[in-house]
$ cat run_16.txt   # compact mmCIF, N, CA and C atoms
# COMPACT_ATOMS: atom_id res chain seq x y z
N MET T 557 13.74 23.28 4.09
CA MET T 557 13.06 24.23 4.93
C MET T 557 12.56 25.37 4.07
N LYS T 558 11.29 25.62 4.10
CA LYS T 558 10.70 26.68 3.30
C LYS T 558 10.64 27.99 4.08
N LYS T 559 10.10 27.94 5.31
CA LYS T 559 9.92 29.15 6.10
C LYS T 559 10.37 28.90 7.53
N LEU T 560 10.91 29.94 8.14
CA LEU T 560 11.32 29.83 9.54
C LEU T 560 10.12 29.69 10.47
N SER T 561 8.94 30.07 10.00
CA SER T 561 7.75 29.95 10.83
C SER T 561 7.02 28.61 10.66
N ASP T 562 7.55 27.74 9.82
CA ASP T 562 6.97 26.41 9.62
C ASP T 562 6.93 25.68 10.97
N PRO T 563 5.78 25.15 11.37
CA PRO T 563 5.68 24.48 12.68
C PRO T 563 6.66 23.31 12.83
N ARG T 564 6.95 22.60 11.74
CA ARG T 564 7.92 21.49 11.82
C ARG T 564 9.31 22.02 12.12
N HIS T 565 9.66 23.15 11.51
CA HIS T 565 10.96 23.78 11.77
C HIS T 565 11.04 24.23 13.22
N LEU T 566 10.01 24.90 13.70
CA LEU T 566 10.00 25.39 15.08
C LEU T 566 10.09 24.23 16.08
N LYS T 567 9.44 23.12 15.75
CA LYS T 567 9.51 21.93 16.60
C LYS T 567 10.95 21.39 16.64
N ARG T 568 11.60 21.36 15.49
CA ARG T 568 12.99 20.89 15.45
C ARG T 568 13.91 21.81 16.24
N VAL T 569 13.70 23.11 16.14
CA VAL T 569 14.51 24.06 16.91
C VAL T 569 14.36 23.78 18.40
N LYS T 570 13.14 23.56 18.85
CA LYS T 570 12.89 23.27 20.26
C LYS T 570 13.58 21.97 20.68
N TYR T 571 13.51 20.94 19.84
CA TYR T 571 14.21 19.69 20.15
C TYR T 571 15.72 19.90 20.22
N ILE T 572 16.26 20.68 19.31
CA ILE T 572 17.71 20.94 19.33
C ILE T 572 18.10 21.66 20.62
N GLU T 573 17.29 22.62 21.03
CA GLU T 573 17.55 23.32 22.30
C GLU T 573 17.56 22.32 23.46
N ASN T 574 16.59 21.41 23.48
CA ASN T 574 16.51 20.43 24.56
C ASN T 574 17.67 19.44 24.51
N ILE T 575 18.05 19.00 23.31
CA ILE T 575 19.17 18.07 23.18
C ILE T 575 20.47 18.76 23.60
N PHE T 576 20.64 20.00 23.19
CA PHE T 576 21.83 20.77 23.58
C PHE T 576 21.89 20.90 25.10
N ALA T 577 20.78 21.27 25.73
CA ALA T 577 20.74 21.41 27.18
C ALA T 577 21.03 20.07 27.86
N TYR T 578 20.48 19.00 27.31
CA TYR T 578 20.74 17.67 27.86
C TYR T 578 22.24 17.34 27.79
N SER T 579 22.87 17.69 26.68
CA SER T 579 24.30 17.38 26.54
C SER T 579 25.15 18.17 27.53
N CYS T 580 24.66 19.30 27.98
CA CYS T 580 25.39 20.10 28.97
C CYS T 580 25.13 19.64 30.40
N HIS T 581 23.90 19.22 30.69
CA HIS T 581 23.51 18.90 32.05
C HIS T 581 23.37 17.41 32.34
N LYS T 582 23.34 16.58 31.29
CA LYS T 582 23.22 15.12 31.40
C LYS T 582 21.96 14.69 32.14
N LYS T 583 20.91 15.48 32.02
CA LYS T 583 19.61 15.09 32.53
C LYS T 583 18.55 15.73 31.66
N SER T 584 17.39 15.13 31.64
CA SER T 584 16.31 15.64 30.80
C SER T 584 15.87 17.01 31.28
N VAL T 585 15.72 17.91 30.35
CA VAL T 585 15.27 19.26 30.67
C VAL T 585 13.89 19.50 30.10
N SER T 586 13.27 18.45 29.61
CA SER T 586 11.97 18.57 28.97
C SER T 586 11.03 17.51 29.51
N SER T 587 9.77 17.88 29.63
CA SER T 587 8.77 16.90 30.06
C SER T 587 8.05 16.29 28.85
N ASP T 588 8.47 16.67 27.66
CA ASP T 588 7.87 16.16 26.43
C ASP T 588 8.13 14.66 26.31
N PRO T 589 7.08 13.84 26.24
CA PRO T 589 7.29 12.39 26.15
C PRO T 589 8.03 11.97 24.88
N ASN T 590 7.87 12.71 23.80
CA ASN T 590 8.61 12.40 22.57
C ASN T 590 10.10 12.63 22.76
N PHE T 591 10.46 13.67 23.50
CA PHE T 591 11.88 13.93 23.77
C PHE T 591 12.46 12.83 24.64
N LYS T 592 11.72 12.41 25.64
CA LYS T 592 12.20 11.33 26.51
C LYS T 592 12.39 10.03 25.72
N LYS T 593 11.49 9.78 24.78
CA LYS T 593 11.62 8.61 23.91
C LYS T 593 12.88 8.73 23.06
N MET T 594 13.12 9.91 22.51
CA MET T 594 14.29 10.17 21.68
C MET T 594 15.59 9.96 22.46
N MET T 595 15.60 10.40 23.73
CA MET T 595 16.80 10.28 24.56
C MET T 595 17.28 8.84 24.68
N LYS T 596 16.36 7.90 24.68
CA LYS T 596 16.73 6.49 24.83
C LYS T 596 17.61 6.01 23.67
N TYR T 597 17.50 6.70 22.53
CA TYR T 597 18.26 6.30 21.35
C TYR T 597 19.63 6.99 21.25
N PHE T 598 19.92 7.94 22.13
CA PHE T 598 21.17 8.68 22.01
C PHE T 598 22.42 7.79 21.99
N PRO T 599 22.52 6.75 22.83
CA PRO T 599 23.72 5.90 22.74
C PRO T 599 23.87 5.24 21.36
N LYS T 600 22.78 4.75 20.79
CA LYS T 600 22.83 4.14 19.45
C LYS T 600 23.18 5.19 18.40
N ILE T 601 22.58 6.36 18.53
CA ILE T 601 22.82 7.44 17.58
C ILE T 601 24.28 7.88 17.65
N ASP T 602 24.83 8.00 18.85
CA ASP T 602 26.22 8.41 19.00
C ASP T 602 27.17 7.41 18.34
N LYS T 603 26.85 6.13 18.45
CA LYS T 603 27.67 5.11 17.77
C LYS T 603 27.60 5.27 16.26
N LEU T 604 26.42 5.61 15.75
CA LEU T 604 26.28 5.84 14.30
C LEU T 604 27.08 7.07 13.86
N ILE T 605 27.08 8.11 14.68
CA ILE T 605 27.87 9.30 14.36
C ILE T 605 29.35 8.93 14.29
N GLU T 606 29.82 8.20 15.27
CA GLU T 606 31.23 7.82 15.29
C GLU T 606 31.59 6.87 14.16
N LYS T 607 30.64 6.07 13.74
CA LYS T 607 30.88 5.17 12.60
C LYS T 607 30.97 5.98 11.30
N ALA T 608 30.12 6.99 11.16
CA ALA T 608 30.11 7.80 9.95
C ALA T 608 31.27 8.80 9.91
N ALA T 609 31.76 9.21 11.08
CA ALA T 609 32.87 10.16 11.15
C ALA T 609 33.87 9.67 12.19
N PRO T 610 34.59 8.57 11.88
CA PRO T 610 35.46 7.95 12.89
C PRO T 610 36.59 8.86 13.40
N GLN T 611 36.96 9.85 12.63
CA GLN T 611 38.03 10.75 13.07
C GLN T 611 37.53 11.81 14.06
N PHE T 612 36.21 11.82 14.32
CA PHE T 612 35.61 12.80 15.23
C PHE T 612 34.79 12.09 16.30
N PRO T 613 35.39 11.75 17.45
CA PRO T 613 34.60 11.15 18.53
C PRO T 613 33.55 12.16 19.01
N VAL T 614 32.40 11.68 19.41
CA VAL T 614 31.29 12.54 19.80
C VAL T 614 31.70 13.59 20.84
N PRO T 615 32.48 13.24 21.88
CA PRO T 615 32.84 14.29 22.85
C PRO T 615 33.67 15.43 22.26
N LYS T 616 34.30 15.20 21.12
CA LYS T 616 35.12 16.24 20.49
C LYS T 616 34.34 17.10 19.50
N ILE T 617 33.12 16.71 19.17
CA ILE T 617 32.28 17.46 18.22
C ILE T 617 31.56 18.56 18.99
N ALA T 618 31.39 19.71 18.36
CA ALA T 618 30.65 20.81 19.00
C ALA T 618 29.27 20.32 19.44
N LYS T 619 28.87 20.68 20.64
CA LYS T 619 27.61 20.19 21.20
C LYS T 619 26.41 20.54 20.32
N ILE T 620 26.42 21.69 19.68
CA ILE T 620 25.29 22.06 18.83
C ILE T 620 25.24 21.15 17.60
N ASP T 621 26.41 20.80 17.06
CA ASP T 621 26.44 19.87 15.92
C ASP T 621 25.93 18.49 16.34
N VAL T 622 26.31 18.06 17.53
CA VAL T 622 25.83 16.77 18.04
C VAL T 622 24.31 16.82 18.21
N ALA T 623 23.80 17.92 18.72
CA ALA T 623 22.35 18.05 18.90
C ALA T 623 21.63 17.95 17.56
N ILE T 624 22.14 18.64 16.56
CA ILE T 624 21.53 18.61 15.22
C ILE T 624 21.60 17.20 14.64
N LEU T 625 22.75 16.57 14.78
CA LEU T 625 22.92 15.21 14.26
C LEU T 625 22.02 14.21 14.99
N ARG T 626 21.93 14.33 16.30
CA ARG T 626 21.08 13.39 17.05
C ARG T 626 19.63 13.49 16.59
N LEU T 627 19.15 14.70 16.43
CA LEU T 627 17.77 14.87 15.98
C LEU T 627 17.58 14.32 14.57
N ALA T 628 18.47 14.68 13.67
CA ALA T 628 18.34 14.24 12.27
C ALA T 628 18.44 12.72 12.15
N ILE T 629 19.38 12.11 12.85
CA ILE T 629 19.53 10.66 12.79
C ILE T 629 18.33 9.97 13.42
N TYR T 630 17.82 10.52 14.50
CA TYR T 630 16.60 9.97 15.09
C TYR T 630 15.47 10.00 14.07
N GLU T 631 15.31 11.12 13.39
CA GLU T 631 14.24 11.23 12.40
C GLU T 631 14.48 10.31 11.21
N LEU T 632 15.73 10.18 10.78
CA LEU T 632 16.06 9.34 9.62
C LEU T 632 15.87 7.86 9.88
N ILE T 633 16.34 7.41 11.04
CA ILE T 633 16.42 5.97 11.27
C ILE T 633 15.30 5.42 12.15
N PHE T 634 14.90 6.18 13.14
CA PHE T 634 13.95 5.64 14.11
C PHE T 634 12.53 6.15 13.93
N GLU T 635 12.36 7.38 13.49
CA GLU T 635 11.02 7.94 13.36
C GLU T 635 10.46 7.76 11.95
N LYS T 636 11.21 8.13 10.94
CA LYS T 636 10.88 7.92 9.53
C LYS T 636 9.54 8.53 9.09
N HIS T 637 9.24 9.75 9.55
CA HIS T 637 8.00 10.41 9.14
C HIS T 637 8.19 11.32 7.93
N GLU T 638 9.40 11.76 7.69
CA GLU T 638 9.70 12.68 6.59
C GLU T 638 10.65 11.98 5.61
N PRO T 639 10.66 12.41 4.36
CA PRO T 639 11.63 11.86 3.41
C PRO T 639 13.06 12.20 3.86
N PRO T 640 14.00 11.28 3.65
CA PRO T 640 15.38 11.51 4.09
C PRO T 640 15.98 12.82 3.58
N LYS T 641 15.73 13.16 2.34
CA LYS T 641 16.34 14.39 1.80
C LYS T 641 15.80 15.64 2.50
N VAL T 642 14.55 15.60 2.94
CA VAL T 642 13.97 16.73 3.68
C VAL T 642 14.66 16.85 5.04
N ILE T 643 14.87 15.73 5.71
CA ILE T 643 15.51 15.72 7.02
C ILE T 643 16.94 16.23 6.91
N ILE T 644 17.67 15.75 5.92
CA ILE T 644 19.06 16.17 5.74
C ILE T 644 19.12 17.66 5.41
N ASP T 645 18.27 18.13 4.51
CA ASP T 645 18.26 19.54 4.15
C ASP T 645 17.94 20.41 5.37
N GLU T 646 16.98 20.00 6.15
CA GLU T 646 16.62 20.76 7.35
C GLU T 646 17.78 20.79 8.34
N ALA T 647 18.46 19.66 8.51
CA ALA T 647 19.61 19.61 9.43
C ALA T 647 20.72 20.54 8.97
N VAL T 648 20.98 20.57 7.67
CA VAL T 648 22.02 21.46 7.14
C VAL T 648 21.62 22.93 7.36
N GLU T 649 20.36 23.24 7.15
CA GLU T 649 19.88 24.61 7.38
C GLU T 649 20.01 24.99 8.85
N LEU T 650 19.69 24.07 9.74
CA LEU T 650 19.85 24.33 11.17
C LEU T 650 21.32 24.52 11.52
N ALA T 651 22.20 23.75 10.90
CA ALA T 651 23.63 23.90 11.13
C ALA T 651 24.12 25.26 10.64
N LYS T 652 23.57 25.74 9.54
CA LYS T 652 23.94 27.08 9.04
C LYS T 652 23.53 28.15 10.04
N THR T 653 22.37 27.97 10.65
CA THR T 653 21.85 28.97 11.57
C THR T 653 22.54 28.93 12.93
N TYR T 654 22.73 27.73 13.48
CA TYR T 654 23.19 27.61 14.86
C TYR T 654 24.63 27.16 15.01
N GLY T 655 25.20 26.53 14.00
CA GLY T 655 26.55 25.99 14.12
C GLY T 655 27.62 26.96 13.69
N GLY T 656 28.83 26.46 13.65
CA GLY T 656 29.98 27.24 13.20
C GLY T 656 30.11 27.20 11.69
N ASP T 657 31.21 27.76 11.20
CA ASP T 657 31.43 27.83 9.75
C ASP T 657 31.48 26.46 9.09
N GLY T 658 32.07 25.49 9.76
CA GLY T 658 32.19 24.16 9.17
C GLY T 658 31.04 23.23 9.47
N SER T 659 30.10 23.68 10.29
CA SER T 659 28.99 22.82 10.71
C SER T 659 28.13 22.29 9.57
N PRO T 660 27.70 23.15 8.63
CA PRO T 660 26.83 22.63 7.57
C PRO T 660 27.49 21.50 6.76
N ALA T 661 28.74 21.66 6.41
CA ALA T 661 29.44 20.63 5.64
C ALA T 661 29.62 19.36 6.47
N PHE T 662 29.95 19.53 7.75
CA PHE T 662 30.14 18.37 8.62
C PHE T 662 28.83 17.59 8.79
N VAL T 663 27.75 18.31 9.10
CA VAL T 663 26.43 17.67 9.28
C VAL T 663 26.01 16.97 7.99
N ASN T 664 26.18 17.65 6.87
CA ASN T 664 25.82 17.06 5.58
C ASN T 664 26.65 15.81 5.30
N GLY T 665 27.94 15.85 5.61
CA GLY T 665 28.80 14.70 5.38
C GLY T 665 28.42 13.50 6.22
N VAL T 666 28.17 13.73 7.49
CA VAL T 666 27.79 12.63 8.38
C VAL T 666 26.46 12.02 7.95
N LEU T 667 25.47 12.89 7.71
CA LEU T 667 24.15 12.38 7.32
C LEU T 667 24.17 11.74 5.94
N GLY T 668 24.96 12.29 5.04
CA GLY T 668 25.08 11.70 3.70
C GLY T 668 25.69 10.31 3.78
N THR T 669 26.71 10.15 4.62
CA THR T 669 27.33 8.84 4.80
C THR T 669 26.34 7.84 5.37
N LEU T 670 25.60 8.26 6.39
CA LEU T 670 24.61 7.35 6.98
C LEU T 670 23.49 7.02 6.01
N TYR T 671 23.08 7.99 5.22
CA TYR T 671 22.01 7.76 4.26
C TYR T 671 22.43 6.76 3.19
N LYS T 672 23.69 6.84 2.76
CA LYS T 672 24.19 5.92 1.72
C LYS T 672 24.32 4.50 2.26
N THR T 673 24.62 4.37 3.56
CA THR T 673 24.75 3.03 4.14
C THR T 673 23.45 2.67 4.77

$ encode --input "run_16.txt" --output "structure tokens"
Amino acid sequence: MKKLSDPRHLKRVKYIENIFAYSCHKKSVSSDPNFKKMMKYFPKIDKLIEKAAPQFPVPKIAKIDVAILRLAIYELIFEKHEPPKVIIDEAVELAKTYGGDGSPAFVNGVLGTLYKT
């Protein structure tokens, strides 16, 4: 992430807000067709999270960390528009901004594990 005003960064922030809201309300809070497409992959993405971090079931992970991971994994595995290292770096930066103290390391660990496999 170079600048907080980068349109790609702002788009990711909006997606994280929508994913976080979805995790709280269990229904789509966005009319964005790309978000609705992304939601279809959440069950597969959650299984990948649990595979990469088996000691942390998704319901036990902070919702903001899950939102960041869902977006990053969607971009890494299903969308593939950006280089993996850019996606991982952006996810870690988002975790630093929105997550708790351990969020950046956790997000980096999960994504690093998935990237290696």

$ atom_distance --input "run_16.txt" --atom1 "atom C of Pro610 of chain T" --atom2 "atom C of His637 of chain T"
29.0 Å

$ closest_residue --input "run_16.txt" --among "T:Lys570, T:Ala609, T:Arg564, T:Phe598" --to "Val585 of chain T" --atoms "only C-alpha atoms"
T:Lys570

$ residues_around --input "run_16.txt" --residues "Tyr597 of chain T" --least-positions-apart "5" --cutoff "8 Å" --atoms "only N, CA and C atoms" --output "number ranges by chain"
T: 592, 602-603, 626, 630

$ residues_around --input "run_16.txt" --residues "Glu573 of chain T" --least-positions-apart "5" --cutoff "8 Å" --atoms "all atoms listed in the file" --output "list in words"
Lys567, Arg568, Tyr578, Ser579, Ala623 and Ile624 of chain T

$ write_last_selection --input "run_16.txt" --atoms "N, CA and C atoms" --output "compact mmCIF listing (two decimals), in the coordinates of the input"
# COMPACT_ATOMS: atom_id res chain seq x y z
N LYS T 567 9.44 23.12 15.75
CA LYS T 567 9.51 21.93 16.60
C LYS T 567 10.95 21.39 16.64
N ARG T 568 11.60 21.36 15.49
CA ARG T 568 12.99 20.89 15.45
C ARG T 568 13.91 21.81 16.24
N TYR T 578 20.48 19.00 27.31
CA TYR T 578 20.74 17.67 27.86
C TYR T 578 22.24 17.34 27.79
N SER T 579 22.87 17.69 26.68
CA SER T 579 24.30 17.38 26.54
C SER T 579 25.15 18.17 27.53
N ALA T 623 23.80 17.92 18.72
CA ALA T 623 22.35 18.05 18.90
C ALA T 623 21.63 17.95 17.56
N ILE T 624 22.14 18.64 16.56
CA ILE T 624 21.53 18.61 15.22
C ILE T 624 21.60 17.20 14.64

$ atom_distance --input "run_16.txt" --atom1 "atom CA of Lys641 of chain T" --atom2 "atom CA of Glu606 of chain T"
21.1 Å

$ axis_aligned_box --input "run_16.txt" --around "segment 630-642 of chain T" --padding-each-side "3 Å" --output "AutoDock Vina command-line options"
--center_x 12.9 --center_y 11.1 --center_z 8.4 --size_x 15.8 --size_y 17.4 --size_z 19.3

$ closest_residue --input "run_16.txt" --among "T:Ser587, T:Ala608, T:Ala618, T:Thr653" --to "Leu667 of chain T" --atoms "only N, CA and C atoms"
T:Ala608

$ select_by_dssp --input "run_16.txt" --residues "chain T" --states "helix (DSSP H, G or I)" --output "ChimeraX atom specification"
/T:563-581,589-595,598-608,614-616,619-635,640-654,659-672

$ atom_distance --input "run_16.txt" --atom1 "atom CA of Ile620 of chain T" --atom2 "atom CA of Lys593 of chain T"
19.8 Å

$ closest_residue --input "run_16.txt" --among "T:Lys600, T:Leu627, T:Lys672, T:Asp621" --to "Ala651 of chain T" --atoms "all atoms listed in the file"
T:Asp621

$ residues_around --input "run_16.txt" --residues "Ala647 of chain T" --least-positions-apart "6" --cutoff "7 Å" --atoms "all atoms listed in the file" --output "NGL selection string"
:T and (624-625 or 628 or 660 or 663-664)
